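Quick look at work.cif (mmCIF, C-alpha atoms):
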```
data_model
loop_
_atom_site.label_atom_id
_atom_site.label_comp_id
_atom_site.auth_asym_id
_atom_site.auth_seq_id
_atom_site.Cartn_x
_atom_site.Cartn_y
_atom_site.Cartn_z
CA MET A 59 97.88 87.49 74.49
CA SER A 60 97.58 90.84 76.25
CA SER A 61 98.70 93.91 74.33
CA PRO A 62 101.74 95.95 75.42
CA HIS A 63 101.15 98.82 77.79
CA VAL A 64 103.49 101.82 78.15
CA ILE A 65 103.15 104.05 81.21
CA SER A 66 104.74 107.43 80.52
CA LEU A 67 105.83 109.63 83.42
CA GLY A 68 107.25 113.16 83.26
CA CYS A 69 107.87 115.33 80.22
CA ARG A 70 106.41 115.53 76.74
CA LEU A 71 109.60 114.06 75.34
CA ASN A 72 108.92 110.89 77.33
CA LEU A 73 105.38 110.88 75.94
CA ALA A 74 106.72 111.07 72.39
CA GLU A 75 109.25 108.30 73.05
CA SER A 76 106.56 106.10 74.58
CA GLU A 77 104.79 105.99 71.22
CA THR A 78 107.99 104.71 69.60
CA ILE A 79 108.36 102.08 72.32
CA ARG A 80 104.77 100.97 71.73
CA THR A 81 105.58 100.54 68.03
CA LEU A 82 108.75 98.54 68.79
CA LEU A 83 106.91 96.20 71.18
CA SER A 84 104.37 95.14 68.57
CA ASP A 85 102.05 92.63 70.31
CA ARG A 86 104.28 91.53 73.20
CA ASP A 87 102.79 90.95 76.63
CA THR A 88 104.94 93.67 78.18
CA VAL A 89 104.42 96.59 80.54
CA VAL A 90 106.94 99.43 80.24
CA ILE A 91 107.42 102.15 82.83
CA ASN A 92 109.02 105.12 81.02
CA SER A 93 110.34 106.86 84.12
CA CYS A 94 111.12 110.42 85.19
CA ALA A 95 113.89 111.66 87.49
CA VAL A 96 113.31 115.40 87.60
CA THR A 97 112.61 115.28 91.37
CA ASN A 98 112.77 112.76 94.20
CA GLU A 99 108.98 112.68 94.07
CA ALA A 100 109.14 111.67 90.40
CA VAL A 101 111.43 108.75 91.27
CA LYS A 102 109.04 107.78 94.07
CA GLN A 103 106.13 107.84 91.62
CA THR A 104 108.12 105.61 89.28
CA ARG A 105 108.50 103.00 92.02
CA GLN A 106 104.80 103.25 92.82
CA ALA A 107 103.90 102.80 89.15
CA ILE A 108 106.12 99.69 88.97
CA ARG A 109 104.44 98.06 91.96
CA ARG A 110 100.96 98.97 90.71
CA ALA A 111 101.71 97.63 87.23
CA ARG A 112 102.94 94.31 88.64
CA ARG A 113 99.74 93.92 90.68
CA GLU A 114 97.57 94.67 87.64
CA ARG A 115 99.56 92.53 85.15
CA PRO A 116 101.22 89.77 87.22
CA GLY A 117 102.09 87.64 84.20
CA ALA A 118 103.50 90.34 81.94
CA GLU A 119 107.14 91.16 81.36
CA LEU A 120 107.85 94.40 83.25
CA VAL A 121 110.53 96.72 81.89
CA VAL A 122 111.71 100.02 83.37
CA THR A 123 113.31 102.66 81.18
CA GLY A 124 113.59 106.47 81.10
CA CYS A 125 115.66 108.92 83.11
CA ALA A 126 115.31 107.32 86.55
CA ALA A 127 116.37 103.96 85.11
CA GLN A 128 119.28 105.56 83.24
CA ILE A 129 120.63 107.33 86.32
CA ASP A 130 120.27 104.43 88.77
CA PRO A 131 119.71 101.18 86.82
CA GLN A 132 120.85 98.82 89.56
CA ALA A 133 118.32 100.19 92.05
CA PHE A 134 115.46 99.35 89.70
CA ALA A 135 116.97 96.03 88.63
CA ALA A 136 116.95 95.06 92.33
CA MET A 137 113.18 95.54 92.62
CA PRO A 138 111.48 92.11 92.64
CA GLU A 139 108.72 93.39 90.34
CA VAL A 140 111.17 94.32 87.55
CA ASP A 141 112.26 91.93 84.81
CA ARG A 142 114.50 94.25 82.77
CA VAL A 143 116.02 97.74 82.83
CA ILE A 144 116.72 99.53 79.54
CA GLY A 145 118.55 102.84 79.14
CA ASN A 146 117.37 106.04 77.48
CA ALA A 147 119.35 105.46 74.30
CA GLU A 148 118.55 101.75 74.07
CA LYS A 149 114.79 102.19 74.55
CA LEU A 150 114.46 103.51 70.99
CA MET A 151 116.35 100.54 69.48
CA TYR A 152 114.50 97.47 68.21
CA SER A 153 117.48 95.28 69.16
CA ALA A 154 117.16 96.21 72.85
CA TRP A 155 113.58 94.95 73.01
CA LYS A 156 114.56 91.67 71.31
CA ALA A 157 117.50 91.06 73.66
CA ALA A 158 117.30 89.20 76.96
CA ALA A 159 119.94 90.96 79.07
CA PRO A 160 118.42 92.05 82.41
CA VAL A 161 120.17 95.45 82.30
CA MET A 162 120.98 97.30 79.06
CA VAL A 163 122.20 100.80 79.96
CA GLN A 164 125.14 102.43 78.21
CA ASP A 165 127.02 105.62 79.07
CA ILE A 166 124.55 108.28 77.96
CA MET A 167 127.33 110.89 77.77
CA ALA A 168 128.86 108.91 74.90
CA VAL A 169 125.71 109.26 72.76
CA ARG A 170 126.24 111.89 70.07
CA GLU A 171 123.18 111.60 67.83
CA THR A 172 119.43 111.47 68.09
CA ALA A 173 116.83 110.59 65.47
CA PRO A 174 113.12 111.10 64.79
CA HIS A 175 110.75 108.56 66.26
CA LEU A 176 109.43 105.48 64.52
CA ALA A 177 105.88 106.03 65.72
CA ALA A 178 103.68 106.48 62.66
CA SER A 179 100.88 108.08 64.65
CA PHE A 180 99.73 109.04 68.12
CA SER A 181 96.42 107.21 67.94
CA THR A 182 95.49 107.83 71.58
CA HIS A 183 96.29 111.56 71.47
CA ALA A 184 94.68 114.48 69.67
CA ARG A 185 98.08 116.10 69.18
CA ALA A 186 101.33 114.48 68.07
CA PHE A 187 104.81 115.01 69.51
CA VAL A 188 108.08 115.15 67.59
CA GLU A 189 111.49 115.05 69.23
CA VAL A 190 113.85 117.54 67.60
CA GLN A 191 116.49 117.69 70.32
CA ASN A 192 117.69 115.59 73.24
CA GLY A 193 120.12 116.04 76.12
CA CYS A 194 121.49 119.19 77.75
CA ASP A 195 124.90 120.86 77.86
CA HIS A 196 124.03 123.11 80.81
CA ARG A 197 124.62 122.04 84.37
CA CYS A 198 122.06 123.78 86.56
CA THR A 199 123.02 122.98 90.13
CA PHE A 200 119.66 121.39 91.02
CA CYS A 201 119.24 119.19 87.94
CA ALA A 202 120.07 115.51 87.40
CA ILE A 203 118.48 115.28 83.96
CA PRO A 204 121.73 115.68 81.94
CA TYR A 205 122.90 112.44 83.59
CA GLY A 206 119.75 110.76 82.32
CA ARG A 207 119.70 112.32 78.86
CA GLY A 208 123.32 113.06 78.02
CA ASN A 209 124.74 115.98 76.08
CA SER A 210 122.71 118.12 73.70
CA ARG A 211 122.15 116.71 70.21
CA SER A 212 119.75 117.72 67.45
CA VAL A 213 117.70 115.96 64.79
CA PRO A 214 118.49 117.14 61.22
CA ALA A 215 115.78 119.43 59.86
CA GLY A 216 114.98 117.20 56.90
CA ALA A 217 114.13 114.27 59.17
CA VAL A 218 112.00 116.53 61.39
CA ILE A 219 110.09 117.89 58.39
CA ASP A 220 109.44 114.36 57.08
CA ARG A 221 108.08 113.30 60.47
CA VAL A 222 105.89 116.40 60.87
CA SER A 223 104.60 116.03 57.33
CA ALA A 224 103.55 112.42 57.98
CA LEU A 225 101.86 113.31 61.26
CA ALA A 226 100.04 116.29 59.73
CA GLU A 227 98.02 113.81 57.67
CA SER A 228 96.31 112.54 60.82
CA HIS A 229 96.82 115.28 63.45
CA ALA A 230 95.81 118.93 63.39
CA GLU A 231 98.47 119.88 65.95
CA VAL A 232 102.11 118.87 66.37
CA VAL A 233 104.31 119.71 69.37
CA LEU A 234 108.08 120.02 69.02
CA THR A 235 109.79 118.55 72.07
CA GLY A 236 113.28 118.36 73.53
CA VAL A 237 115.16 118.40 76.81
CA ASP A 238 116.60 121.85 76.06
CA LEU A 239 114.62 122.82 72.97
CA THR A 240 116.16 126.24 72.40
CA SER A 241 119.65 124.70 72.19
CA TYR A 242 118.62 123.08 68.89
CA GLY A 243 121.09 123.17 66.02
CA PRO A 244 124.72 124.04 66.91
CA ASP A 245 125.81 120.42 66.49
CA LEU A 246 124.37 120.21 62.96
CA PRO A 247 126.01 121.37 59.69
CA GLY A 248 125.45 125.09 59.28
CA ALA A 249 124.38 125.43 62.93
CA PRO A 250 120.67 126.14 62.27
CA SER A 251 118.60 127.70 65.05
CA LEU A 252 115.25 126.61 66.45
CA GLY A 253 113.68 129.58 64.69
CA GLN A 254 115.07 128.40 61.36
CA LEU A 255 113.72 124.91 61.99
CA VAL A 256 110.25 126.30 62.74
CA GLU A 257 110.35 128.42 59.58
CA ARG A 258 111.22 125.38 57.48
CA ILE A 259 108.47 123.26 59.02
CA LEU A 260 105.83 125.92 58.36
CA ALA A 261 107.07 126.45 54.80
CA HIS A 262 107.37 122.78 53.85
CA VAL A 263 104.31 121.36 55.65
CA PRO A 264 101.37 123.52 54.49
CA LYS A 265 98.89 120.88 55.74
CA LEU A 266 99.98 121.43 59.33
CA ARG A 267 97.32 123.54 61.00
CA ARG A 268 98.86 124.11 64.43
CA LEU A 269 102.44 123.96 65.69
CA ARG A 270 103.29 124.21 69.39
CA LEU A 271 106.63 124.36 71.19
CA SER A 272 107.46 122.72 74.50
CA SER A 273 109.51 124.46 77.22
CA LEU A 274 111.93 127.20 76.12
CA ASP A 275 114.94 128.78 77.80
CA GLY A 276 114.07 132.46 77.55
CA ILE A 277 117.70 133.61 77.32
CA GLU A 278 117.98 131.70 74.01
CA VAL A 279 114.86 133.17 72.38
CA ASP A 280 116.51 135.12 69.55
CA ASP A 281 114.89 137.70 67.24
CA ARG A 282 113.93 135.12 64.63
CA LEU A 283 112.16 132.86 67.12
CA PHE A 284 110.55 135.86 68.85
CA ALA A 285 109.13 137.06 65.51
CA LEU A 286 107.62 133.63 64.87
CA LEU A 287 106.16 133.32 68.38
CA THR A 288 104.49 136.71 68.07
CA GLY A 289 103.61 136.89 64.38
CA GLU A 290 103.02 133.42 62.96
CA PRO A 291 99.32 132.39 63.26
CA ARG A 292 100.04 128.66 62.90
CA LEU A 293 102.50 128.80 65.82
CA MET A 294 100.33 128.70 68.92
CA PRO A 295 100.19 131.74 71.27
CA HIS A 296 101.57 129.75 74.19
CA VAL A 297 105.13 130.06 75.51
CA HIS A 298 106.36 127.97 78.43
CA LEU A 299 109.57 129.38 79.92
CA SER A 300 112.12 127.63 82.12
CA LEU A 301 112.41 130.42 84.71
CA GLN A 302 112.88 128.41 87.95
CA ALA A 303 113.12 131.45 90.27
CA GLY A 304 112.57 135.19 90.50
CA ASP A 305 115.51 136.19 92.67
CA ASP A 306 118.89 137.04 91.13
CA MET A 307 120.99 135.45 93.88
CA ILE A 308 119.02 132.21 93.72
CA LEU A 309 119.27 132.21 89.93
CA LYS A 310 123.03 132.61 90.25
CA ARG A 311 123.24 129.73 92.73
CA MET A 312 121.11 127.63 90.39
CA LYS A 313 123.65 128.45 87.65
CA ARG A 314 120.91 129.83 85.44
CA ARG A 315 121.95 132.20 82.66
CA HIS A 316 119.23 134.85 82.97
CA SER A 317 118.29 137.51 85.50
CA ARG A 318 114.92 138.38 86.97
CA ALA A 319 114.79 141.58 84.90
CA GLN A 320 115.39 139.62 81.69
CA SER A 321 112.47 137.29 82.48
CA VAL A 322 110.09 140.18 83.12
CA ALA A 323 111.28 142.04 80.02
CA LEU A 324 110.78 139.00 77.77
CA ALA A 325 107.27 138.41 79.11
CA GLU A 326 106.37 142.07 78.57
CA ARG A 327 107.75 142.03 75.01
CA LEU A 328 105.82 138.86 74.17
CA ARG A 329 102.52 140.20 75.47
CA MET A 330 102.99 143.57 73.80
CA ALA A 331 103.75 141.98 70.42
CA ARG A 332 100.99 139.33 70.69
CA PRO A 333 98.36 140.30 73.29
CA ASP A 334 96.64 136.89 73.19
CA ILE A 335 99.83 135.00 74.10
CA ALA A 336 99.74 132.85 77.26
CA ILE A 337 102.89 132.50 79.33
CA GLY A 338 103.75 129.44 81.37
CA ALA A 339 106.77 128.81 83.56
CA ASP A 340 108.53 126.32 85.82
CA LEU A 341 109.24 127.61 89.33
CA ILE A 342 111.08 125.90 92.18
CA ALA A 343 110.07 126.59 95.79
CA GLY A 344 112.60 126.40 98.63
CA PHE A 345 115.86 126.17 96.72
CA PRO A 346 118.82 125.88 99.13
CA THR A 347 119.75 129.17 100.87
CA GLU A 348 116.42 130.76 99.85
CA THR A 349 115.44 133.40 102.41
CA GLU A 350 111.94 134.77 102.85
CA GLU A 351 112.90 137.90 100.89
CA MET A 352 114.29 135.80 98.04
CA PHE A 353 111.11 133.73 98.02
CA GLU A 354 108.97 136.88 97.86
CA ASN A 355 110.82 137.86 94.68
CA SER A 356 109.84 134.55 93.10
CA LEU A 357 106.27 134.92 94.35
CA ALA A 358 106.00 138.38 92.76
CA LEU A 359 107.41 137.06 89.48
CA ILE A 360 104.13 135.25 88.75
CA ALA A 361 102.21 138.51 88.48
CA ASP A 362 105.13 140.48 87.05
CA CYS A 363 105.43 138.04 84.13
CA GLY A 364 101.72 137.24 83.89
CA ILE A 365 102.34 133.51 84.32
CA VAL A 366 99.03 131.73 83.67
CA HIS A 367 100.37 128.18 83.24
CA ALA A 368 102.62 127.65 86.27
CA HIS A 369 104.38 124.38 87.08
CA ILE A 370 105.44 124.56 90.74
CA PHE A 371 108.09 122.17 92.06
CA PRO A 372 109.01 121.93 95.75
CA TYR A 373 112.80 121.63 95.79
CA SER A 374 114.17 118.21 96.63
CA PRO A 375 117.91 117.41 96.68
CA ARG A 376 119.10 115.08 93.93
CA ASN A 377 122.16 112.99 94.72
CA GLY A 378 125.26 114.10 92.85
CA THR A 379 124.08 117.65 92.18
CA PRO A 380 125.86 120.72 93.65
CA ALA A 381 122.65 122.05 95.16
CA ALA A 382 122.32 118.94 97.32
CA LYS A 383 125.47 120.06 99.17
CA MET A 384 124.21 123.60 99.81
CA PRO A 385 122.47 124.65 103.07
CA GLN A 386 118.95 123.24 102.77
CA VAL A 387 115.66 124.97 103.55
CA GLU A 388 113.53 123.13 106.12
CA PRO A 389 111.11 120.74 104.37
CA GLU A 390 108.06 122.28 106.07
CA ILE A 391 109.08 125.73 104.86
CA VAL A 392 109.56 124.37 101.33
CA LYS A 393 106.07 122.88 101.47
CA VAL A 394 104.52 126.15 102.66
CA ARG A 395 106.32 128.18 99.99
CA ALA A 396 105.22 125.79 97.24
CA ALA A 397 101.63 126.16 98.42
CA ARG A 398 101.91 129.95 98.39
CA LEU A 399 103.28 129.87 94.84
CA ARG A 400 100.39 127.66 93.74
CA THR A 401 97.85 129.97 95.39
CA GLU A 402 99.28 133.03 93.63
CA ALA A 403 99.49 131.15 90.34
CA ALA A 404 95.83 130.15 90.67
CA ARG A 405 94.85 133.78 91.34
CA VAL A 406 96.65 135.06 88.24
CA ARG A 407 95.30 132.19 86.14
CA ASP A 408 91.70 132.73 87.32
CA ASN A 409 91.86 136.42 86.41
CA TRP A 410 93.18 135.50 82.98
CA LEU A 411 90.46 132.90 82.40
CA GLN A 412 87.78 135.41 83.39
CA SER A 413 89.19 137.84 80.82
CA LEU A 414 88.54 135.23 78.11
CA VAL A 415 84.78 135.02 78.80
CA GLY A 416 82.97 136.32 75.74
CA SER A 417 85.89 135.57 73.41
CA THR A 418 85.90 133.07 70.55
CA GLN A 419 88.56 130.34 70.79
CA GLN A 420 89.82 127.74 68.34
CA VAL A 421 89.82 124.48 70.30
CA LEU A 422 91.49 121.17 69.47
CA VAL A 423 88.99 118.54 70.61
CA GLU A 424 90.48 115.82 72.81
CA ARG A 425 89.13 112.60 74.25
CA PRO A 426 86.35 111.88 75.07
CA GLY A 427 85.14 114.68 72.78
CA GLU A 428 83.82 117.08 75.41
CA ARG A 429 87.09 118.82 76.25
CA GLY A 430 90.06 120.35 74.49
CA HIS A 431 92.65 123.10 74.57
CA ALA A 432 92.57 126.48 72.90
CA GLY A 433 95.60 127.87 71.11
CA ASN A 434 96.67 129.55 74.37
CA PHE A 435 96.43 126.12 76.04
CA ALA A 436 93.48 127.06 78.24
CA GLU A 437 91.37 123.95 78.86
CA VAL A 438 87.86 124.23 77.44
CA ARG A 439 84.75 122.15 78.16
CA LEU A 440 82.36 122.00 75.23
CA ALA A 441 79.46 120.11 73.67
CA PRO A 442 80.40 116.70 72.23
CA GLN A 443 82.55 117.02 69.10
CA GLU A 444 84.68 114.75 66.94
CA VAL A 445 88.06 114.09 68.56
CA GLY A 446 90.98 115.63 66.69
CA GLU A 447 88.98 118.41 65.05
CA ILE A 448 89.60 122.12 65.60
CA VAL A 449 86.33 123.88 66.41
CA SER A 450 85.49 127.55 66.91
CA VAL A 451 83.57 128.14 70.16
CA LYS A 452 82.44 131.12 72.19
CA ILE A 453 83.43 131.13 75.86
CA VAL A 454 80.49 131.74 78.18
CA ASP A 455 81.81 130.95 81.67
CA VAL A 456 84.66 129.71 83.88
CA ARG A 457 84.19 126.78 86.24
CA GLU A 458 86.81 125.00 88.34
CA GLY A 459 89.66 126.55 86.40
CA LYS A 460 88.31 125.63 82.98
CA LEU A 461 86.64 127.64 80.24
CA ILE A 462 83.05 126.69 79.38
CA ALA A 463 81.84 126.98 75.79
#
```
Will you turn the file into structure tokens for me?
Amino acid sequence: MSSPHVISLGCRLNLAESETIRTLLSDRDTVVINSCAVTNEAVKQTRQAIRRARRERPGAELVVTGCAAQIDPQAFAAMPEVDRVIGNAEKLMYSAWKAAAPVMVQDIMAVRETAPHLAASFSTHARAFVEVQNGCDHRCTFCAIPYGRGNSRSVPAGAVIDRVSALAESHAEVVLTGVDLTSYGPDLPGAPSLGQLVERILAHVPKLRRLRLSSLDGIEVDDRLFALLTGEPRLMPHVHLSLQAGDDMILKRMKRRHSRAQSVALAERLRMARPDIAIGADLIAGFPTETEEMFENSLALIADCGIVHAHIFPYSPRNGTPAAKMPQVEPEIVKVRAARLRTEAARVRDNWLQSLVGSTQQVLVERPGERGHAGNFAEVRLAPQEVGEIVSVKIVDVREGKLIA
């Protein structure tokens, strides 16, 4: 019998959940598409992955889950390639994978709890991922993800520490993930913060060598978390911020809670307190009503914040979101603006990589053993090493956007 295969699309949280799904499937001849719905392109890629998977495994059971399946289950159930559709809450339940119902998708807004994953290890990855939070209480006008993930809910710190402790036995680096990571804690007794959770992990898991955080909402980075990001050597010098735009009017229309000045100030404070820190950000090109002047403000934000890990998304309207009803920017203009953002991001990144030549970096070796990522998440090519080890290397060159050791 063929082994199960899980295809994970989208965020790191999906990647973490895919390991749990793989554990729940045991040895079933099943292909699972763990889908993403962050953009229309992501939904399109989900459909492509389904068709490709059916061609490659014609006899396997094919199940679709994840955010795209949660938001529009009937559309995926109607695809001839699909055998079953399972919702975001159900996909982490053993009972759902034993059931036979063609569609198992509950109201995600009714889900009030989340729990650590069952995956004992991440055998195919050098780093492990731990979900500490799920869902989102904010309603950014462009975003459909709350309808795929539900309201914000947090994993109790004790369960997180137990999971991290177990993973630290086999992995040198653990990544904390969530849909809205910095909203961790208010729903738990005592309302702990993300900073408090990080402190407890570092204190109670001395074997953990490296801890990394997934995307943060900068407006929620409090003094405790800031002090950890800038002063704790086991917390990696890499901060990825959910900025989305660099123009105040666009930010207001997105229903974001920060201003351009706050983004720049946070980036400056981070770099001043920890000069080796690397800043990443999500940016959307061509949001509805965006003028050329507004776009230029977002373009300039890349240099103003020193964004060296940029994720650029061309805006695409998502059904049911307020932004889809706003005056749209012409698709060709959106495409051009996204390209300009990527060009500027590449320029800033290349300058940063060049500045690292001659430095010594601690690199987590990833498969196949000739590549890895430094603490600042710069990709490094190196001589063959044992996968999963952290090695100290001197950077001698930059080629094709990667550091050479």
- Task: List the residues selected by the PyMOL selection byres ((chain A and resi 274-285) around 10) in the file shown, writing them as a PyMOL selection string.
- Result: chain A and resi 235-241+251-257+271-273+286-290+297-301+314-317+320-321+324-325+327-328+331-332+338-339
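Each of A:Cys194, A:Ile79, A:Val169, A:Ile360 was checked against Glu402 (chain A) using only C-alpha atoms; the smallest atom-to-atom distance is that of A:Ile360.
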Check which residues satisfy the PyMOL selection byres ((chain A and resi 414-428) around 10) in the file shown, then give them as a PDB file with C-alpha atoms, in the coordinates of the input.
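Result written to result_33.pdb:
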```
ATOM      1  CA  THR A 182      95.490 107.830  71.580  1.00  0.00           C
ATOM      2  CA  HIS A 183      96.290 111.560  71.470  1.00  0.00           C
ATOM      3  CA  ALA A 184      94.680 114.480  69.670  1.00  0.00           C
ATOM      4  CA  ARG A 185      98.080 116.100  69.180  1.00  0.00           C
ATOM      5  CA  HIS A 229      96.820 115.280  63.450  1.00  0.00           C
ATOM      6  CA  ALA A 230      95.810 118.930  63.390  1.00  0.00           C
ATOM      7  CA  GLU A 231      98.470 119.880  65.950  1.00  0.00           C
ATOM      8  CA  ARG A 268      98.860 124.110  64.430  1.00  0.00           C
ATOM      9  CA  ASP A 334      96.640 136.890  73.190  1.00  0.00           C
ATOM     10  CA  ASN A 409      91.860 136.420  86.410  1.00  0.00           C
ATOM     11  CA  TRP A 410      93.180 135.500  82.980  1.00  0.00           C
ATOM     12  CA  LEU A 411      90.460 132.900  82.400  1.00  0.00           C
ATOM     13  CA  GLN A 412      87.780 135.410  83.390  1.00  0.00           C
ATOM     14  CA  SER A 413      89.190 137.840  80.820  1.00  0.00           C
ATOM     15  CA  ARG A 429      87.090 118.820  76.250  1.00  0.00           C
ATOM     16  CA  GLY A 430      90.060 120.350  74.490  1.00  0.00           C
ATOM     17  CA  HIS A 431      92.650 123.100  74.570  1.00  0.00           C
ATOM     18  CA  ALA A 432      92.570 126.480  72.900  1.00  0.00           C
ATOM     19  CA  GLY A 433      95.600 127.870  71.110  1.00  0.00           C
ATOM     20  CA  ASN A 434      96.670 129.550  74.370  1.00  0.00           C
ATOM     21  CA  PHE A 435      96.430 126.120  76.040  1.00  0.00           C
ATOM     22  CA  ALA A 436      93.480 127.060  78.240  1.00  0.00           C
ATOM     23  CA  GLU A 437      91.370 123.950  78.860  1.00  0.00           C
ATOM     24  CA  VAL A 438      87.860 124.230  77.440  1.00  0.00           C
ATOM     25  CA  ARG A 439      84.750 122.150  78.160  1.00  0.00           C
ATOM     26  CA  LEU A 440      82.360 122.000  75.230  1.00  0.00           C
ATOM     27  CA  ALA A 441      79.460 120.110  73.670  1.00  0.00           C
ATOM     28  CA  PRO A 442      80.400 116.700  72.230  1.00  0.00           C
ATOM     29  CA  GLN A 443      82.550 117.020  69.100  1.00  0.00           C
ATOM     30  CA  GLU A 444      84.680 114.750  66.940  1.00  0.00           C
ATOM     31  CA  VAL A 445      88.060 114.090  68.560  1.00  0.00           C
ATOM     32  CA  GLY A 446      90.980 115.630  66.690  1.00  0.00           C
ATOM     33  CA  GLU A 447      88.980 118.410  65.050  1.00  0.00           C
ATOM     34  CA  ILE A 448      89.600 122.120  65.600  1.00  0.00           C
ATOM     35  CA  VAL A 449      86.330 123.880  66.410  1.00  0.00           C
ATOM     36  CA  SER A 450      85.490 127.550  66.910  1.00  0.00           C
ATOM     37  CA  VAL A 451      83.570 128.140  70.160  1.00  0.00           C
ATOM     38  CA  LYS A 452      82.440 131.120  72.190  1.00  0.00           C
ATOM     39  CA  ILE A 453      83.430 131.130  75.860  1.00  0.00           C
ATOM     40  CA  VAL A 454      80.490 131.740  78.180  1.00  0.00           C
ATOM     41  CA  ASP A 455      81.810 130.950  81.670  1.00  0.00           C
ATOM     42  CA  VAL A 456      84.660 129.710  83.880  1.00  0.00           C
ATOM     43  CA  LEU A 461      86.640 127.640  80.240  1.00  0.00           C
ATOM     44  CA  ILE A 462      83.050 126.690  79.380  1.00  0.00           C
ATOM     45  CA  ALA A 463      81.840 126.980  75.790  1.00  0.00           C
TER      46      ALA A 463
END
```
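One finds CA of Met312 (chain A) at 21.9 Å from CA of Ala361 (chain A).
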- Message: Expand the PyMOL selection byres ((chain A and resi 223) around 12) into the explicit residue set it covers here, and present it as a PyMOL selection string.
- Response: chain A and resi 178-179+186+188+215-222+224-232+258-267+269
- Closest to Arg109 (chain A) among A:Pro247, A:Phe134, A:Gly364, A:Glu139, using only C-alpha atoms?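 Smallest distance to Arg109 (chain A) is found for A:Glu139.
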Would you mind listing what lies within 10 Å of Thr88 (chain A) as a PDB file with C-alpha atoms, in the coordinates of the input, with all atoms listed in the file counted and same-chain residues fewer than 4 positions away left out?
```
ATOM      1  CA  SER A  60      97.580  90.840  76.250  1.00  0.00           C
ATOM      2  CA  SER A  61      98.700  93.910  74.330  1.00  0.00           C
ATOM      3  CA  PRO A  62     101.740  95.950  75.420  1.00  0.00           C
ATOM      4  CA  HIS A  63     101.150  98.820  77.790  1.00  0.00           C
ATOM      5  CA  VAL A  64     103.490 101.820  78.150  1.00  0.00           C
ATOM      6  CA  ARG A  80     104.770 100.970  71.730  1.00  0.00           C
ATOM      7  CA  LEU A  83     106.910  96.200  71.180  1.00  0.00           C
ATOM      8  CA  SER A  84     104.370  95.140  68.570  1.00  0.00           C
ATOM      9  CA  ARG A 115      99.560  92.530  85.150  1.00  0.00           C
ATOM     10  CA  GLY A 117     102.090  87.640  84.200  1.00  0.00           C
ATOM     11  CA  ALA A 118     103.500  90.340  81.940  1.00  0.00           C
ATOM     12  CA  GLU A 119     107.140  91.160  81.360  1.00  0.00           C
ATOM     13  CA  LEU A 120     107.850  94.400  83.250  1.00  0.00           C
ATOM     14  CA  VAL A 121     110.530  96.720  81.890  1.00  0.00           C
TER      15      VAL A 121
END
```
- Task: Could you please determine the separation between CA of Pro204 (chain A) and CA of Ile370 (chain A) in Å, to one decimal place?
- Result: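 It comes out at 20.5 Å.
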- Message: What does the structure give for the distance between CA of Ala111 (chain A) and CA of Ala127 (chain A), in Å to one decimal?
- Response: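 It comes out at 16.1 Å.
When all atoms listed in the file are used to compute distances to Met307 (chain A), the closest of the residues A:Met352, A:Val406, A:Ala319, A:Cys69 turns out to be A:Met352.
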- Which one of A:Pro346, A:Gln106, A:Val122, A:Leu71 sits closest to Leu234 (chain A) if you count all atoms listed in the file?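 Under the stated criterion, the closest residue is A:Leu71.
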Provide an axis-aligned box for all listed atoms of region 280-289 of chain A, padding each side by 6 Å; report its centre and its edge lengths in Å to one decimal, as lines of an AutoDock Vina configuration file.
```
center_x = 110.1
center_y = 135.3
center_z = 67.0
size_x = 24.9
size_y = 16.8
size_z = 17.2
```
- Smallest atom-to-atom distance to Ala95 (chain A): which of A:Pro372, A:Gly68, A:Pro116, A:Pro250, using only C-alpha atoms?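 That would be A:Gly68, the residue with the smallest distance to Ala95 (chain A).
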- So, counting only C-alpha atoms, which residue among A:His296, A:Lys310, A:Lys149, A:His369 is closest to Gln128 (chain A)?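 Smallest separation from Gln128 (chain A) among the options: A:Lys149.
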